[in-house]
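Structure file input_16.cif (mmCIF, C-alpha atoms) follows.
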```cif
data_target
loop_
_atom_site.label_atom_id
_atom_site.label_comp_id
_atom_site.auth_asym_id
_atom_site.auth_seq_id
_atom_site.Cartn_x
_atom_site.Cartn_y
_atom_site.Cartn_z
CA MET A 859 1.83 -26.40 17.04
CA THR A 860 3.64 -23.07 16.80
CA ASP A 861 7.19 -22.83 15.49
CA ASN A 862 10.22 -21.42 17.30
CA SER A 863 9.86 -17.88 15.98
CA GLN A 864 8.72 -16.31 19.25
CA GLN A 865 11.55 -17.89 21.26
CA LEU A 866 14.14 -16.91 18.64
CA LEU A 867 12.83 -13.36 18.53
CA ASN A 868 13.05 -13.15 22.34
CA ASP A 869 16.67 -14.34 22.15
CA VAL A 870 17.52 -11.79 19.45
CA LEU A 871 15.92 -8.96 21.43
CA ALA A 872 17.64 -9.92 24.67
CA GLN A 873 21.08 -10.16 23.06
CA GLN A 874 20.75 -6.96 21.05
CA ARG A 875 19.35 -5.01 24.00
CA GLN A 876 22.32 -6.08 26.10
CA ASP A 877 24.74 -4.95 23.38
CA VAL A 878 23.01 -1.70 22.37
CA ALA A 879 20.87 -0.36 25.22
CA PRO A 880 21.03 -2.45 28.41
CA ALA A 881 19.38 0.37 30.39
CA LEU A 882 16.16 0.13 28.38
CA SER A 883 13.23 -2.02 29.45
CA ASP A 884 12.08 -4.89 27.22
CA GLN A 885 9.14 -2.79 25.98
CA ASP A 886 11.26 0.28 25.28
CA TYR A 887 13.88 -1.67 23.37
CA PHE A 888 11.20 -3.52 21.40
CA GLU A 889 9.97 -0.14 20.16
CA VAL A 890 13.50 0.75 19.02
CA PHE A 891 13.92 -2.68 17.41
CA CYS A 892 10.65 -2.46 15.45
CA ALA A 893 11.44 1.02 14.15
CA GLU A 894 14.95 -0.02 13.11
CA GLN A 895 13.73 -3.08 11.22
CA LEU A 896 10.75 -1.44 9.53
CA LEU A 897 12.77 1.62 8.46
CA LYS A 898 16.03 -0.17 7.72
CA ASP A 899 16.25 1.18 4.17
CA PHE A 900 16.23 4.77 5.46
CA ASP A 901 19.50 4.15 7.32
CA LEU A 902 18.48 6.09 10.43
CA SER A 903 20.93 6.65 13.24
CA TYR A 904 20.06 5.43 16.74
CA GLU A 905 19.37 9.03 17.75
CA GLU A 906 17.02 9.51 14.80
CA VAL A 907 15.15 6.34 15.73
CA GLU A 908 14.81 7.59 19.30
CA SER A 909 13.51 10.96 18.08
CA GLY A 910 10.41 9.29 16.65
CA ILE A 911 9.44 7.31 19.76
CA VAL A 912 6.38 8.93 21.32
CA ASP A 913 5.16 6.09 23.54
CA GLY A 914 3.71 7.20 26.84
CA GLU A 915 0.52 8.36 28.44
CA HIS A 916 -1.94 9.83 25.91
CA ASP A 917 0.04 8.62 22.89
CA GLY A 918 -3.12 7.79 20.93
CA GLY A 919 -1.95 4.22 20.32
CA ILE A 920 1.22 5.35 18.55
CA ASP A 921 4.52 4.08 19.90
CA SER A 922 6.65 5.73 17.21
CA ALA A 923 6.13 7.76 14.05
CA TYR A 924 8.44 8.95 11.27
CA ALA A 925 7.89 11.04 8.15
CA PHE A 926 10.21 11.35 5.15
CA VAL A 927 10.55 13.48 2.03
CA ASN A 928 12.33 11.59 -0.73
CA GLY A 929 13.93 9.44 1.93
CA GLU A 930 15.04 12.29 4.22
CA LEU A 931 13.72 12.29 7.77
CA ILE A 932 11.41 15.24 8.52
CA TYR A 933 12.23 17.17 11.68
CA GLU A 934 11.19 20.48 13.23
CA ASP A 935 11.63 23.46 10.84
CA PHE A 936 12.42 21.07 7.98
CA ASP A 937 13.67 22.94 4.88
CA VAL A 938 11.54 22.02 1.85
CA ALA A 939 13.26 24.39 -0.59
CA PRO A 940 15.53 21.75 -2.21
CA PHE A 941 12.57 19.58 -3.25
CA LYS A 942 11.39 20.77 -6.66
CA LYS A 943 9.97 17.81 -8.57
CA ASP A 944 9.04 14.17 -8.09
CA VAL A 945 8.44 14.75 -4.38
CA ARG A 946 7.43 11.67 -2.40
CA ILE A 947 6.33 11.89 1.23
CA GLU A 948 6.01 8.88 3.49
CA LEU A 949 4.49 8.64 6.96
CA HIS A 950 5.15 5.54 9.05
CA VAL A 951 3.10 4.97 12.20
CA ILE A 952 4.20 2.08 14.42
CA GLN A 953 2.43 0.24 17.24
CA SER A 954 4.77 -2.16 19.11
CA LYS A 955 3.44 -4.62 21.70
CA THR A 956 5.37 -7.13 23.79
CA SER A 957 2.32 -8.66 25.48
CA GLY A 958 -0.52 -10.58 23.88
CA GLY A 959 -1.33 -11.03 20.22
CA PHE A 960 -3.15 -8.72 17.85
CA SER A 961 -6.33 -7.06 19.11
CA GLU A 962 -8.84 -4.49 17.93
CA VAL A 963 -8.21 -1.93 20.69
CA PRO A 964 -4.90 -0.54 19.31
CA VAL A 965 -6.42 -0.29 15.82
CA ASN A 966 -9.41 1.62 17.19
CA ARG A 967 -7.03 4.06 18.84
CA LEU A 968 -5.13 4.52 15.57
CA ILE A 969 -8.41 5.26 13.79
CA SER A 970 -9.21 7.95 16.35
CA VAL A 971 -5.74 9.56 16.28
CA THR A 972 -5.78 9.56 12.48
CA ARG A 973 -9.07 11.46 12.35
CA HIS A 974 -7.88 13.95 14.95
CA LEU A 975 -4.18 14.58 14.35
CA LEU A 976 -3.82 14.01 10.59
CA LYS A 977 -6.46 16.57 9.74
CA LEU A 978 -4.38 19.34 8.20
CA ASP A 979 -6.30 22.21 9.76
CA ALA A 980 -6.81 20.64 13.17
CA ASP A 981 -6.04 22.89 16.14
CA TYR A 982 -3.84 20.74 18.36
CA ASP A 983 -4.50 23.03 21.32
CA LEU A 984 -8.06 21.71 21.31
CA LEU A 985 -6.86 18.10 21.51
CA PRO A 986 -5.45 17.70 25.05
CA GLN A 987 -6.07 13.95 24.97
CA TYR A 988 -2.79 13.50 23.05
CA ASN A 989 0.68 14.07 24.45
CA ALA A 990 3.10 16.70 23.18
CA ALA A 991 5.50 14.18 21.63
CA VAL A 992 2.99 12.55 19.29
CA LYS A 993 1.57 15.94 18.32
CA ALA A 994 5.05 17.29 17.56
CA VAL A 995 5.98 14.41 15.22
CA LEU A 996 2.68 14.47 13.33
CA ASN A 997 2.69 18.26 13.16
CA ASN A 998 6.12 18.16 11.49
CA PHE A 999 4.54 15.91 8.87
CA ARG A 1000 1.51 18.20 8.44
CA GLN A 1001 3.59 21.36 8.05
CA THR A 1002 5.95 19.76 5.57
CA TYR A 1003 3.10 18.28 3.52
CA ARG A 1004 1.36 21.68 3.34
CA SER A 1005 4.60 23.49 2.50
CA LEU A 1006 5.10 21.17 -0.47
CA ALA A 1007 1.48 21.34 -1.66
CA SER A 1008 2.30 23.31 -4.81
CA ARG A 1009 4.74 20.59 -5.87
CA PHE A 1010 1.95 17.99 -5.72
CA PRO A 1011 3.81 15.33 -3.76
CA THR A 1012 2.77 11.71 -3.74
CA LEU A 1013 1.93 10.43 -0.29
CA LYS A 1014 2.15 7.00 1.30
CA ILE A 1015 0.86 6.34 4.81
CA SER A 1016 1.90 3.07 6.44
CA TYR A 1017 0.54 1.72 9.71
CA HIS A 1018 2.62 -1.07 11.27
CA TYR A 1019 1.20 -3.12 14.12
CA ALA A 1020 3.92 -5.35 15.59
CA SER A 1021 3.45 -7.91 18.36
CA LYS A 1022 6.24 -10.23 19.36
CA LYS A 1023 3.79 -12.78 20.79
CA ALA A 1024 1.61 -12.95 17.68
CA ASP A 1025 1.95 -15.81 15.23
CA GLY A 1026 1.03 -13.70 12.20
CA ASP A 1027 -2.57 -14.87 11.82
CA VAL A 1028 -5.01 -11.94 11.63
CA HIS A 1029 -8.65 -12.55 12.57
CA GLN A 1030 -11.29 -11.51 10.06
CA ASN A 1031 -12.74 -8.94 12.47
CA LEU A 1032 -9.32 -7.37 12.83
CA GLN A 1033 -8.95 -7.24 9.06
CA LEU A 1034 -12.21 -5.29 8.93
CA LYS A 1035 -10.81 -2.89 11.51
CA ALA A 1036 -7.68 -2.47 9.40
CA LYS A 1037 -9.88 -1.57 6.44
CA GLU A 1038 -11.63 1.02 8.63
CA LEU A 1039 -8.24 2.50 9.50
CA GLN A 1040 -7.29 2.66 5.82
CA ASP A 1041 -10.58 4.38 5.04
CA ALA A 1042 -10.06 6.94 7.83
CA ALA A 1043 -6.70 7.96 6.32
CA ALA A 1044 -8.03 7.87 2.76
CA GLU A 1045 -10.90 10.21 3.71
CA LEU A 1046 -8.33 12.83 4.70
CA PHE A 1047 -5.88 12.09 1.86
CA PRO A 1048 -7.91 10.69 -1.07
CA ASP A 1049 -4.90 10.40 -3.39
CA ALA A 1050 -2.62 8.74 -0.86
CA GLU A 1051 -1.51 5.13 -0.82
CA VAL A 1052 -2.48 3.72 2.57
CA GLU A 1053 -1.43 0.35 3.97
CA VAL A 1054 -1.91 -1.46 7.27
CA GLU A 1055 0.59 -4.20 8.13
CA PHE A 1056 0.48 -6.75 10.95
CA LEU A 1057 3.83 -8.16 12.01
CA GLY A 1058 4.16 -11.23 14.22
CA ALA A 1059 7.33 -12.87 15.48
CA ARG A 1060 8.10 -14.66 12.22
CA ARG A 1061 7.79 -11.51 10.11
CA LEU A 1062 9.92 -9.51 12.55
CA LEU A 1063 12.65 -12.13 12.33
CA GLU A 1064 12.55 -11.95 8.54
CA LEU A 1065 13.06 -8.19 8.69
CA ALA A 1066 15.90 -8.57 11.20
CA ARG A 1067 17.70 -11.06 8.94
CA ARG A 1068 17.41 -8.87 5.86
CA ARG A 1069 20.42 -6.76 5.02
CA PRO A 1070 20.21 -3.55 2.99
CA LYS A 1071 21.67 -3.63 -0.48
CA THR A 1072 25.34 -2.64 -0.51
CA THR A 1073 26.34 -2.99 -4.19
CA TYR A 1074 25.38 -0.35 -6.76
CA MET A 1075 26.22 0.38 -10.38
CA LEU A 1076 27.68 3.73 -11.47
CA ARG A 1077 28.09 4.23 -15.23
CA ILE A 1078 31.11 6.29 -16.19
CA LYS A 1079 32.51 8.02 -19.25
CA LYS A 1080 36.19 7.59 -18.50
CA ASN A 1081 38.40 5.75 -16.06
CA LEU A 1082 41.62 7.57 -15.10
CA SER A 1083 42.67 5.02 -12.53
CA ASP A 1084 45.45 2.67 -11.64
CA THR A 1085 45.06 -0.75 -10.03
CA ASP A 1086 43.81 -0.27 -6.46
CA GLY A 1087 41.75 2.92 -6.76
CA TYR A 1088 39.51 4.60 -9.29
CA VAL A 1089 39.29 8.18 -10.49
CA VAL A 1090 36.42 8.38 -12.96
CA LEU A 1091 34.30 10.86 -14.91
CA SER A 1092 30.56 10.23 -14.74
CA PRO A 1093 27.76 12.29 -16.36
CA LEU A 1094 25.48 14.04 -13.89
CA THR A 1095 22.49 12.06 -15.14
CA GLU A 1096 24.24 8.79 -14.30
CA TYR A 1097 25.43 10.06 -10.93
CA ALA A 1098 21.92 11.26 -10.09
CA GLN A 1099 20.60 7.80 -11.00
CA PHE A 1100 23.28 6.27 -8.78
CA LEU A 1101 22.10 8.40 -5.84
CA LYS A 1102 18.47 7.17 -5.87
CA ASP A 1103 16.82 3.82 -5.25
CA ASN A 1104 14.07 2.07 -7.20
CA ASP A 1105 11.43 4.26 -5.53
CA GLY A 1106 13.24 7.47 -6.50
CA LYS A 1107 14.42 8.17 -2.94
CA LEU A 1108 17.89 9.40 -2.06
CA ARG A 1109 20.06 6.49 -0.92
CA ALA A 1110 20.76 7.71 2.61
CA GLU A 1111 22.98 4.70 3.22
CA LEU A 1112 25.55 6.11 0.78
CA PHE A 1113 26.35 9.04 3.05
CA GLU A 1114 28.07 9.27 6.38
CA SER A 1115 26.33 11.55 8.83
CA ASN A 1116 28.40 14.55 9.86
CA VAL A 1117 27.94 17.84 11.62
CA ARG A 1118 27.41 19.74 8.40
CA ASP A 1119 25.10 17.33 6.53
CA PHE A 1120 22.82 18.99 3.93
CA GLN A 1121 22.08 22.54 5.06
CA GLY A 1122 19.29 23.44 2.63
CA THR A 1123 19.26 26.89 1.03
CA THR A 1124 22.61 28.21 2.21
CA GLU A 1125 24.58 30.59 -0.01
CA VAL A 1126 26.88 27.83 -1.27
CA ASN A 1127 24.01 25.46 -2.03
CA ALA A 1128 22.03 28.22 -3.73
CA GLU A 1129 24.99 28.91 -6.04
CA ILE A 1130 25.29 25.21 -6.87
CA VAL A 1131 21.60 25.06 -7.74
CA ASN A 1132 21.92 28.24 -9.82
CA THR A 1133 24.76 26.67 -11.81
CA LEU A 1134 22.76 23.50 -12.42
CA GLN A 1135 19.64 25.38 -13.49
CA ASN A 1136 20.83 28.46 -15.34
CA GLU A 1137 24.45 28.61 -16.47
CA THR A 1138 25.11 27.53 -20.04
CA VAL A 1139 28.88 28.04 -20.17
CA VAL A 1140 30.98 27.06 -17.20
CA ASP A 1141 34.59 26.01 -16.68
CA PHE A 1142 33.87 22.72 -14.98
CA TRP A 1143 37.45 21.96 -14.03
CA TRP A 1144 37.63 24.94 -11.66
CA MET A 1145 34.76 23.55 -9.62
CA ASN A 1146 35.25 21.54 -6.46
CA GLN A 1147 32.92 18.74 -7.52
CA ARG A 1148 34.99 15.65 -6.78
CA ARG A 1149 33.07 13.01 -4.84
CA ASP A 1150 34.96 10.58 -2.64
CA HIS A 1151 33.21 7.23 -2.25
CA LEU A 1152 34.94 4.65 -0.09
CA SER A 1153 34.07 1.08 -0.98
CA GLU A 1154 35.44 -2.41 -0.82
CA PRO A 1155 35.84 -3.93 -3.34
CA CYS A 1156 35.44 -1.77 -6.44
CA ASN A 1157 36.20 -3.31 -9.82
CA ALA A 1158 36.64 -2.43 -13.47
CA LYS A 1159 33.00 -3.29 -14.16
CA ARG A 1160 32.21 -0.02 -12.40
CA ARG A 1161 30.34 -1.48 -9.45
CA HIS A 1162 30.35 0.39 -6.16
CA SER A 1163 30.44 -2.50 -3.70
CA ASN A 1164 30.13 -2.89 0.06
CA ASN A 1165 29.74 0.83 0.31
CA ARG A 1166 31.67 2.70 3.01
CA LYS A 1167 29.85 5.97 2.38
CA SER A 1168 30.55 9.35 0.89
CA THR A 1169 32.19 11.86 3.18
CA ASP A 1170 29.85 14.76 2.29
CA CYS A 1171 26.22 14.75 1.22
CA LYS A 1172 25.82 18.47 0.53
CA ARG A 1173 26.57 18.55 -3.19
CA PRO A 1174 25.08 15.12 -3.99
CA SER A 1175 21.83 16.29 -2.40
CA ASN A 1176 21.78 19.31 -4.71
CA ILE A 1177 22.47 17.08 -7.71
CA TYR A 1178 19.70 14.71 -6.61
CA THR A 1179 17.07 17.40 -6.07
CA ASP A 1180 17.90 19.33 -9.27
CA ARG A 1181 18.35 16.42 -11.66
CA SER A 1182 15.67 17.84 -13.97
CA SER A 1183 17.64 21.07 -14.55
CA PRO A 1184 19.32 22.12 -17.83
CA ALA A 1185 22.63 20.84 -16.48
CA PHE A 1186 21.42 17.33 -17.24
CA SER A 1187 20.80 17.89 -20.94
CA THR A 1188 22.92 16.05 -23.51
CA ARG A 1189 24.43 19.34 -24.69
CA ARG A 1190 25.55 20.31 -21.19
CA GLN A 1191 27.02 16.88 -20.59
CA ALA A 1192 29.05 17.23 -23.78
CA LYS A 1193 30.40 20.59 -22.57
CA ARG A 1194 31.35 19.20 -19.19
CA TYR A 1195 32.48 15.70 -19.98
CA GLY A 1196 33.03 15.38 -23.69
#
```
Will you turn the file into structure tokens for me?
Amino acid sequence: MTDNSQQLLNDVLAQQRQDVAPALSDQDYFEVFCAEQLLKDFDLSYEEVESGIVDGEHDGGIDSAYAFVNGELIYEDFDVAPFKKDVRIELHVIQSKTSGGFSEVPVNRLISVTRHLLKLDADYDLLPQYNAAVKAVLNNFRQTYRSLASRFPTLKISYHYASKKADGDVHQNLQLKAKELQDAAAELFPDAEVEVEFLGARRLLELARRRPKTTYMLRIKKNLSDTDGYVVLSPLTEYAQFLKDNDGKLRAELFESNVRDFQGTTEVNAEIVNTLQNETVVDFWWMNQRRDHLSEPCNAKRRHSNNRKSTDCKRPSNIYTDRSSPAFSTRRQAKRYG
């Protein structure tokens, strides 16, 4: 006898669709839901989730796809200049089905689209069997991966096959197909980590219940604060550590999206990077390098709790991407913070 997972998932989907996107069909909202749950740690906006949905005629079995560099979503004309070292690229390909359980047909289609569209020198004009949306998303990934080739990025490719009517059991024949899909990606990217995940109703509910981490530790040198707020001095190495998660990715959830966001190699950002990398004597106190982090609560043990986000991610992004620069040496920290 099956448990109540499928009925509970249907209830969750119906209630959330009514609250968030009542105009969407059940299938369309299920695609949004799956992407949101699977990519929860990337803290994507609703618009960013929508940008990766490619479902439609000639989609090659892909309902949505997203690529990231160190946790930042890749988009058209993505600026790779800030990424110098320890570059990690992730590609997530999602198949979302509201009818039936798991079957071999969608996996076969993913094998075919992998061999065609993930080949780095493939001419997409010669592949009319795929729609423009899926080609655009995967081409953004290809161009970014090639642009970062000299920095030898690590690559992880994840295929997610979600079915709300599946109970989670995967037939042996389907497991063999999943291995074939892994092999198809590994043939193109021998050094990549490739995974294929099947998600039934129970697993989708587990993801929906999970909440991202909201409490982080920031080590400081000095606390200049009173009772209800904190003004602190923190070494750049500690702040850079604070900005990244266990996988070395930028914690996107720490930053509030705004019109400016991180603008790549602008004049201001280039000067910040130059200071971090080259200057040996600098009057730190004349710099506008205060970071405002809103949180609730924040205590004397220096924990940043229930984060309410930084108001600007421009300078933290520079600090994150250039954390290997001379500015992070012990000598430089002594000059700035001693």
Checklist entry - From the set A:Ala872, A:Ile1015, A:Leu1032, A:Ala1128, which residue has the shortest atom-to-atom contact distance to Asn966 (chain A), counting only C-alpha atoms? => result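 Selected residue with least distance to Asn966 (chain A): A:Leu1032.
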Next on the checklist: Selection in question (the file shown): the PyMOL selection byres ((chain A and resi 904) around 12). Which residues does it include, as a list in words?
Outcome noted: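 Applying the PyMOL selection byres ((chain A and resi 904) around 12) to the structure shown produces Val878, Ala879, Tyr887, Val890, Phe891, Ala893, Glu894, Gln895, Leu897, Lys898, Phe900, Asp901, Leu902, Ser903, Glu905, Glu906, Val907, Glu908, Ser909, Gly910, Ile911 and Ser1115 of chain A.
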Run through the PyMOL selection byres ((chain A and resi 936) around 10) on the given coordinates and return the selected residues as a compact mmCIF listing (two decimals) with C-alpha atoms, in the frame of the given file.
```txt
# COMPACT_ATOMS: atom_id res chain seq x y z
CA VAL A 927 10.55 13.48 2.03
CA GLU A 930 15.04 12.29 4.22
CA LEU A 931 13.72 12.29 7.77
CA ILE A 932 11.41 15.24 8.52
CA TYR A 933 12.23 17.17 11.68
CA GLU A 934 11.19 20.48 13.23
CA ASP A 935 11.63 23.46 10.84
CA ASP A 937 13.67 22.94 4.88
CA VAL A 938 11.54 22.02 1.85
CA ALA A 939 13.26 24.39 -0.59
CA ASN A 998 6.12 18.16 11.49
CA PHE A 999 4.54 15.91 8.87
CA GLN A 1001 3.59 21.36 8.05
CA THR A 1002 5.95 19.76 5.57
CA SER A 1005 4.60 23.49 2.50
CA GLY A 1122 19.29 23.44 2.63
```
Item to check | Counting all atoms listed in the file, the option among A:Ser961, A:Asn997, A:Ser1092, A:Ser954 closest to Lys1080 (chain A) | outcome: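 Smallest separation from Lys1080 (chain A) among the options: A:Ser1092.
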Checklist entry - So which one's closest to Val995 (chain A), A:Lys1022, A:Arg973, A:His950, A:Lys1102? Using all atoms listed in the file, please. => result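 Of A:Lys1022, A:Arg973, A:His950, A:Lys1102, the one nearest Val995 (chain A), counting all atoms listed in the file, is A:His950.
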Next on the checklist: Which residues would end up in the selection if the PyMOL selection byres ((chain A and resi 920) around 9) were applied here, given that I need the answer as number ranges by chain?
Outcome noted: A: 911-914, 917-919, 921-923, 951-954, 964, 967-968, 971, 992
Next on the checklist: Could you tell me how far CA of Ala1043 (chain A) sits from CA of Ala980 (chain A), in Å to one decimal place?
Outcome noted: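 That distance, rounded to one decimal, is 14.4 Å.
Each of A:Lys1079, A:Arg1009, A:Val965, A:Glu1053 was compared to Pro940 (chain A) using all atoms listed in the file, and A:Arg1009 turns out to be the nearest.
Atom to atom, CA of Pro1093 (chain A) and CA of Phe926 (chain A) stand 27.8 Å apart.
The nearest approach to Leu896 (chain A) among the residues A:Lys1035, A:Ile1078, A:Ile947, A:His1018, with all atoms listed in the file taken into account, belongs to A:His1018.
Our summary of the geometry notes that CA of Leu1094 (chain A) is positioned 15.5 Å from CA of Asn1081 (chain A).
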Checklist entry - Which residue out of A:Leu949, A:Asp861, A:Leu1082, A:Met1075 has the minimum interatomic distance to Phe1100 (chain A) when all atoms listed in the file are used? => result A:Met1075
